[in-house]
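Undergrad: My structure file model02.csv, CSV, C-alpha atoms, is below:
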```
chain,number,residue,atom,x,y,z
A,1,MET,CA,-13.0,9.4,-53.5
A,2,VAL,CA,-9.3,10.0,-52.7
A,3,ASP,CA,-7.2,7.0,-52.3
A,4,ASP,CA,-6.0,6.6,-48.6
A,5,ASN,CA,-2.5,5.6,-49.9
A,6,LYS,CA,-2.2,8.8,-51.9
A,7,LEU,CA,-3.1,10.8,-48.9
A,8,THR,CA,-0.5,9.0,-46.8
A,9,VAL,CA,2.2,9.6,-49.4
A,10,ARG,CA,1.2,13.2,-49.7
A,11,ALA,CA,1.4,13.7,-45.9
A,12,VAL,CA,4.9,12.1,-45.9
A,13,GLU,CA,6.1,14.3,-48.7
A,14,ARG,CA,4.8,17.4,-46.9
A,15,ALA,CA,6.5,16.3,-43.6
A,16,LEU,CA,9.8,15.9,-45.4
A,17,ASP,CA,9.4,19.3,-47.1
A,18,ILE,CA,9.0,20.8,-43.6
A,19,LEU,CA,12.2,19.1,-42.4
A,20,LEU,CA,14.0,20.3,-45.5
A,21,CYS,CA,13.2,23.9,-44.6
A,22,PHE,CA,15.9,23.6,-41.9
A,23,THR,CA,18.7,23.0,-44.4
A,24,ASP,CA,19.4,26.8,-44.4
A,25,ALA,CA,17.9,27.9,-41.1
A,26,SER,CA,18.4,26.8,-37.5
A,27,ASP,CA,15.0,27.8,-36.2
A,28,LEU,CA,11.7,28.8,-37.9
A,29,SER,CA,8.3,29.9,-36.8
A,30,LEU,CA,5.0,28.3,-37.9
A,31,THR,CA,4.4,31.2,-40.2
A,32,GLU,CA,7.8,30.9,-41.8
A,33,ILE,CA,7.5,27.2,-42.3
A,34,SER,CA,4.0,27.6,-43.8
A,35,GLY,CA,5.4,30.2,-46.2
A,36,ARG,CA,8.3,28.1,-47.3
A,37,VAL,CA,6.3,24.9,-48.0
A,38,GLY,CA,3.3,26.8,-49.4
A,39,LEU,CA,0.7,25.2,-47.1
A,40,HIS,CA,-2.0,26.5,-44.8
A,41,LYS,CA,-0.9,27.0,-41.2
A,42,SER,CA,-3.4,24.5,-39.9
A,43,THR,CA,-2.0,21.8,-42.2
A,44,VAL,CA,1.6,22.7,-41.2
A,45,HIS,CA,0.6,22.7,-37.5
A,46,ARG,CA,-0.8,19.1,-37.7
A,47,LEU,CA,2.3,17.9,-39.5
A,48,ILE,CA,4.7,19.6,-37.1
A,49,ALA,CA,2.8,18.0,-34.2
A,50,SER,CA,3.5,14.6,-35.6
A,51,LEU,CA,7.2,15.5,-36.2
A,52,GLU,CA,7.4,16.8,-32.6
A,53,SER,CA,5.9,13.6,-31.2
A,54,LYS,CA,8.6,11.6,-32.9
A,55,GLY,CA,11.4,13.9,-31.8
A,56,PHE,CA,12.3,15.3,-35.3
A,57,LEU,CA,11.3,18.8,-34.3
A,58,VAL,CA,11.3,20.7,-31.0
A,59,ARG,CA,9.7,24.0,-30.1
A,60,HIS,CA,11.5,26.7,-28.2
A,61,ALA,CA,9.2,27.8,-25.4
A,62,GLU,CA,10.3,31.4,-25.3
A,63,THR,CA,10.5,32.2,-29.0
A,64,ASP,CA,7.8,29.7,-30.1
A,65,LYS,CA,10.1,28.7,-33.0
A,66,PHE,CA,10.9,25.2,-34.1
A,67,ARG,CA,14.3,23.6,-34.6
A,68,LEU,CA,15.5,20.1,-35.5
A,69,GLY,CA,15.3,17.6,-32.7
A,70,LEU,CA,17.7,15.0,-31.5
A,71,ARG,CA,16.2,12.2,-33.5
A,72,ILE,CA,17.6,13.9,-36.6
A,73,TRP,CA,21.1,13.6,-35.2
A,74,GLU,CA,20.5,10.0,-34.3
A,75,LEU,CA,19.8,9.3,-38.0
A,76,ALA,CA,22.8,11.4,-39.1
A,77,ALA,CA,25.0,9.4,-36.7
A,78,GLY,CA,24.0,6.3,-38.6
A,79,MET,CA,25.7,7.8,-41.7
A,80,SER,CA,28.9,8.6,-39.9
A,81,GLN,CA,30.5,5.2,-40.5
A,82,THR,CA,34.1,4.5,-41.6
A,83,ASP,CA,33.1,4.2,-45.2
A,84,ASP,CA,31.4,7.6,-45.3
A,85,PRO,CA,33.6,9.9,-47.4
A,86,ALA,CA,32.4,13.0,-45.5
A,87,VAL,CA,33.9,11.5,-42.3
A,88,LEU,CA,36.7,9.4,-43.7
A,89,LEU,CA,38.3,12.1,-45.8
A,90,LEU,CA,38.0,15.0,-43.3
A,91,PRO,CA,41.6,14.7,-41.9
A,92,GLU,CA,43.0,14.7,-45.5
A,93,MET,CA,40.8,17.7,-46.3
A,94,GLU,CA,42.2,19.6,-43.3
A,95,ARG,CA,45.7,18.7,-44.4
A,96,LEU,CA,45.0,20.0,-47.9
A,97,ARG,CA,43.5,23.2,-46.4
A,98,ASP,CA,46.7,23.8,-44.4
A,99,ILE,CA,48.8,23.4,-47.5
A,100,VAL,CA,46.9,25.6,-50.0
A,101,GLY,CA,45.5,28.0,-47.4
A,102,GLU,CA,42.0,28.0,-49.0
A,103,THR,CA,38.6,26.4,-48.3
A,104,VAL,CA,38.3,22.8,-49.2
A,105,SER,CA,35.0,21.1,-50.1
A,106,LEU,CA,33.7,17.7,-51.1
A,107,TYR,CA,30.9,17.4,-53.6
A,108,VAL,CA,28.8,14.4,-54.8
A,109,ARG,CA,26.2,14.2,-57.6
A,110,ASP,CA,22.6,13.8,-56.8
A,111,GLY,CA,20.6,13.6,-60.0
A,112,LEU,CA,21.1,16.8,-61.9
A,113,GLU,CA,22.6,18.7,-58.9
A,114,ARG,CA,25.7,18.5,-56.8
A,115,ILE,CA,25.7,18.6,-53.0
A,116,ARG,CA,28.5,19.8,-50.7
A,117,ILE,CA,28.8,17.0,-48.1
A,118,GLN,CA,31.8,18.2,-46.3
A,119,ALA,CA,33.8,21.4,-46.0
A,120,VAL,CA,36.9,22.7,-44.2
A,121,GLN,CA,37.0,26.5,-44.0
A,122,SER,CA,40.1,28.5,-44.8
A,123,ASN,CA,41.8,30.1,-41.8
A,124,GLN,CA,42.5,33.3,-43.7
A,125,ALA,CA,40.6,36.5,-42.6
A,126,ILE,CA,39.2,36.9,-46.1
A,127,ARG,CA,37.9,33.6,-47.3
A,128,ARG,CA,35.1,31.9,-49.1
A,129,VAL,CA,32.8,30.2,-46.6
A,130,ALA,CA,31.3,26.9,-47.8
A,131,ARG,CA,28.2,25.6,-46.1
A,132,VAL,CA,27.6,21.9,-45.9
A,133,GLY,CA,24.4,20.6,-47.4
A,134,VAL,CA,24.1,23.2,-50.2
A,135,ARG,CA,22.7,22.0,-53.5
A,136,LEU,CA,24.1,23.6,-56.7
A,137,PRO,CA,23.4,23.1,-60.4
A,138,LEU,CA,25.5,20.5,-62.2
A,139,TYR,CA,26.2,22.6,-65.3
A,140,VAL,CA,28.4,25.4,-63.8
A,141,GLY,CA,31.5,25.5,-61.6
A,142,ALA,CA,34.7,23.5,-61.3
A,143,SER,CA,33.2,20.6,-59.3
A,144,SER,CA,30.3,20.3,-61.7
A,145,LYS,CA,32.7,19.9,-64.6
A,146,ILE,CA,34.4,17.1,-62.7
A,147,LEU,CA,31.3,15.3,-61.7
A,148,VAL,CA,30.1,15.3,-65.3
A,149,ALA,CA,33.4,14.8,-67.1
A,150,PHE,CA,34.3,11.6,-65.2
A,151,ALA,CA,30.7,10.2,-64.7
A,152,ASP,CA,29.1,7.5,-66.9
A,153,PRO,CA,27.9,8.5,-70.4
A,154,GLU,CA,24.3,8.2,-69.3
A,155,THR,CA,24.8,11.2,-66.9
A,156,LEU,CA,26.0,13.4,-69.7
A,157,GLU,CA,23.0,12.4,-71.9
A,158,GLU,CA,20.6,13.1,-69.0
A,159,LEU,CA,22.1,16.5,-68.6
A,160,LYS,CA,21.9,17.3,-72.3
A,161,ASN,CA,18.2,16.5,-72.3
A,162,SER,CA,17.4,18.5,-69.2
A,163,GLU,CA,15.9,22.0,-69.3
A,164,ASP,CA,18.7,23.3,-67.1
A,165,TRP,CA,21.4,22.4,-69.7
A,166,PRO,CA,22.8,25.6,-71.3
A,167,ASN,CA,22.1,26.2,-74.9
A,168,GLY,CA,24.0,27.6,-77.9
A,169,PRO,CA,27.6,28.9,-77.2
A,170,GLU,CA,27.3,28.1,-73.5
A,171,ARG,CA,26.6,24.5,-74.3
A,172,GLU,CA,29.7,24.2,-76.5
A,173,ARG,CA,31.8,26.0,-74.0
A,174,PHE,CA,30.8,23.7,-71.2
A,175,LEU,CA,31.4,20.6,-73.4
A,176,GLU,CA,34.8,21.9,-74.2
A,177,GLN,CA,35.5,22.5,-70.6
A,178,ILE,CA,34.5,18.9,-69.8
A,179,ARG,CA,36.9,17.6,-72.5
A,180,GLU,CA,39.6,19.8,-71.0
A,181,ALA,CA,38.9,18.5,-67.5
A,182,ARG,CA,39.4,14.9,-68.8
A,183,ARG,CA,42.6,15.9,-70.4
A,184,LEU,CA,44.1,17.7,-67.5
A,185,GLY,CA,42.6,15.7,-64.7
A,186,TYR,CA,41.2,18.8,-63.0
A,187,ALA,CA,38.8,21.7,-63.7
A,188,THR,CA,38.8,25.4,-62.8
A,189,SER,CA,36.3,28.2,-62.6
A,190,ILE,CA,36.5,31.9,-62.1
A,191,GLU,CA,33.4,33.9,-61.2
A,192,GLU,CA,31.2,31.4,-63.1
A,193,ARG,CA,28.6,30.9,-60.3
A,194,GLU,CA,29.5,33.5,-57.8
A,195,GLU,CA,31.1,36.9,-58.3
A,196,GLY,CA,34.6,37.3,-56.9
A,197,ALA,CA,35.0,33.5,-56.3
A,198,ALA,CA,37.2,31.0,-58.0
A,199,ALA,CA,37.7,27.2,-57.6
A,200,ILE,CA,39.7,24.2,-58.8
A,201,ALA,CA,38.4,20.6,-58.5
A,202,ALA,CA,39.7,17.1,-59.1
A,203,PRO,CA,38.0,13.7,-59.2
A,204,ILE,CA,38.1,11.2,-56.4
A,205,PHE,CA,38.0,7.6,-57.6
A,206,ASN,CA,37.6,4.7,-55.2
A,207,ARG,CA,39.7,1.6,-55.3
A,208,SER,CA,37.5,0.2,-58.0
A,209,HIS,CA,38.2,3.4,-60.0
A,210,LYS,CA,34.6,4.6,-59.7
A,211,LEU,CA,34.0,8.3,-59.3
A,212,VAL,CA,32.7,9.0,-55.8
A,213,ALA,CA,33.2,12.7,-55.3
A,214,ALA,CA,34.8,15.9,-56.5
A,215,LEU,CA,37.5,17.5,-54.3
A,216,ALA,CA,37.4,21.3,-54.6
A,217,VAL,CA,39.5,24.2,-53.4
A,218,SER,CA,37.8,27.6,-53.5
A,219,GLY,CA,38.7,31.2,-52.5
A,220,PRO,CA,38.6,34.8,-53.5
A,221,ALA,CA,39.3,35.2,-57.3
A,222,ASN,CA,41.9,37.9,-56.6
A,223,ARG,CA,43.9,35.4,-54.6
A,224,LEU,CA,43.0,32.1,-56.3
A,225,THR,CA,44.1,33.3,-59.7
A,226,MET,CA,44.4,31.0,-62.7
A,227,GLU,CA,48.2,31.0,-62.3
A,228,GLN,CA,47.8,30.1,-58.6
A,229,MET,CA,45.3,27.3,-59.5
A,230,LYS,CA,47.7,25.8,-62.1
A,231,GLN,CA,50.4,25.9,-59.4
A,232,ASP,CA,48.2,24.1,-56.9
A,233,ALA,CA,46.7,21.6,-59.4
A,234,PRO,CA,49.3,18.8,-58.8
A,235,ILE,CA,48.9,19.1,-55.0
A,236,ILE,CA,45.1,18.9,-55.3
A,237,VAL,CA,45.2,16.0,-57.8
A,238,GLU,CA,47.6,14.1,-55.6
A,239,ALA,CA,45.4,14.7,-52.6
A,240,ALA,CA,42.4,13.4,-54.5
A,241,ASN,CA,44.3,10.3,-55.5
A,242,ARG,CA,45.4,9.7,-52.0
A,243,MET,CA,41.8,10.1,-50.7
A,244,GLY,CA,40.5,7.7,-53.3
A,245,LYS,CA,42.7,4.9,-52.0
A,246,MET,CA,41.0,5.2,-48.7
A,247,ILE,CA,37.6,4.4,-50.1
A,248,ARG,CA,36.4,0.9,-51.0
```
Go through the file and emit its structure as structure tokens.
TA:
Amino acid sequence: MVDDNKLTVRAVERALDILLCFTDASDLSLTEISGRVGLHKSTVHRLIASLESKGFLVRHAETDKFRLGLRIWELAAGMSQTDDPAVLLLPEMERLRDIVGETVSLYVRDGLERIRIQAVQSNQAIRRVARVGVRLPLYVGASSKILVAFADPETLEELKNSEDWPNGPERERFLEQIREARRLGYATSIEEREEGAAAIAAPIFNRSHKLVAALAVSGPANRLTMEQMKQDAPIIVEAANRMGKMIR
């Protein structure tokens, strides 16, 4: 006999999986949601009905597709307090964007991944568009190096023991890049995760000198060259230091 508590937990997990389908899509059909979560349509339909009744999802009458409801935004509004870095640091991020002319992003660590919690897009015609909410691996990219280099020792050990951690020469190269980031106070990457893209990142420490985020500037590799990133590094590090003083 199946434990009722286990069934309840499973239903909650499935409902959350359905909501997470909308992190990279504005509206989805029942068939699309079913395919994404790997569940039968009848099961998904029941879960969607519950989410609709609570206002977390709404159905468009003409297209018969679902989108996030207002209740989601009510929850999100609860995060938009004065101590939320994504809100608090936005003006400074816009200021940095105007100085360096490239896209500016804010990343935080979540387990063995990093999440972009805020982004200010470059105003240039050819630019790197950064989407908020994206999850990326923690072992590649300038921001990853920062979030690992300046994190607690337990984080590094957890990474080393994970299946996603690179092996052989890649491992040694990443470890060397982490040491270099600590020495310089910033990290760079050129076409490490995405072809044609480059990035430079610096740590943001709060007033208690605890790492809270990585501040990154990214753009096309033919414009954001290593020489350009070294030239911009003092500006980005200074901006990160200024932002850190705003966070308790």
Undergrad: Which is closer to Val104 of chain A than all the others in A:Met246, A:Ser143, A:Arg71, A:Glu13, using all atoms listed in the file?
TA: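 Nearest candidate to Val104 of chain A out of A:Met246, A:Ser143, A:Arg71, A:Glu13: A:Ser143.
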Undergrad: Would you work out the distance separating atom CA of Ser144 of chain A from atom CA of Asn167 of chain A, expressed in Å to one decimal?
TA: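 Value for the atom CA of Ser144 of chain A-atom CA of Asn167 of chain A distance: 16.6 Å.
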Undergrad: Distance atom CA of Ala213 of chain A-atom CA of Ile126 of chain A, one decimal place?
TA: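 Between atom CA of Ala213 of chain A and atom CA of Ile126 of chain A the gap works out to 26.6 Å.
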Undergrad: Can you tell me which residues surround Lys230 of chain A at a distance of at most 9 Å, considering all atoms listed in the file, apart from same-chain residues fewer than 4 positions away, and format the answer as an mmCIF file with C-alpha atoms, in the frame of the given file?
TA:
```cif
data_model
loop_
_atom_site.group_PDB
_atom_site.id
_atom_site.type_symbol
_atom_site.label_atom_id
_atom_site.label_comp_id
_atom_site.auth_asym_id
_atom_site.auth_seq_id
_atom_site.Cartn_x
_atom_site.Cartn_y
_atom_site.Cartn_z
ATOM 1 C CA THR A 188 38.800 25.400 -62.800
ATOM 2 C CA ILE A 200 39.700 24.200 -58.800
ATOM 3 C CA THR A 225 44.100 33.300 -59.700
ATOM 4 C CA MET A 226 44.400 31.000 -62.700
ATOM 5 C CA PRO A 234 49.300 18.800 -58.800
#
```
Undergrad: If you count all atoms listed in the file, which residues fall within 7 Å of segment 206-209 of chain A, apart from same-chain ones fewer than 6 positions away, as a PDB file with C-alpha atoms, keeping the file's coordinate frame?
TA:
```
ATOM      1  CA  GLY A 244      40.500   7.700 -53.300  1.00  0.00           C
ATOM      2  CA  LYS A 245      42.700   4.900 -52.000  1.00  0.00           C
ATOM      3  CA  ILE A 247      37.600   4.400 -50.100  1.00  0.00           C
ATOM      4  CA  ARG A 248      36.400   0.900 -51.000  1.00  0.00           C
TER       5      ARG A 248
END
```
Undergrad: For atom CA of Ala25 of chain A and atom CA of Ile190 of chain A, determine how far apart the two atoms are, in Å to one decimal place.
TA: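 A separation of 28.3 Å between them.
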Undergrad: Using all atoms listed in the file, which residue out of A:Thr103, A:Ser218, A:Ser42, A:Thr23 lies closest to Ile115 of chain A?
TA: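 Checking each candidate against Ile115 of chain A, we get A:Thr23 as the closest.
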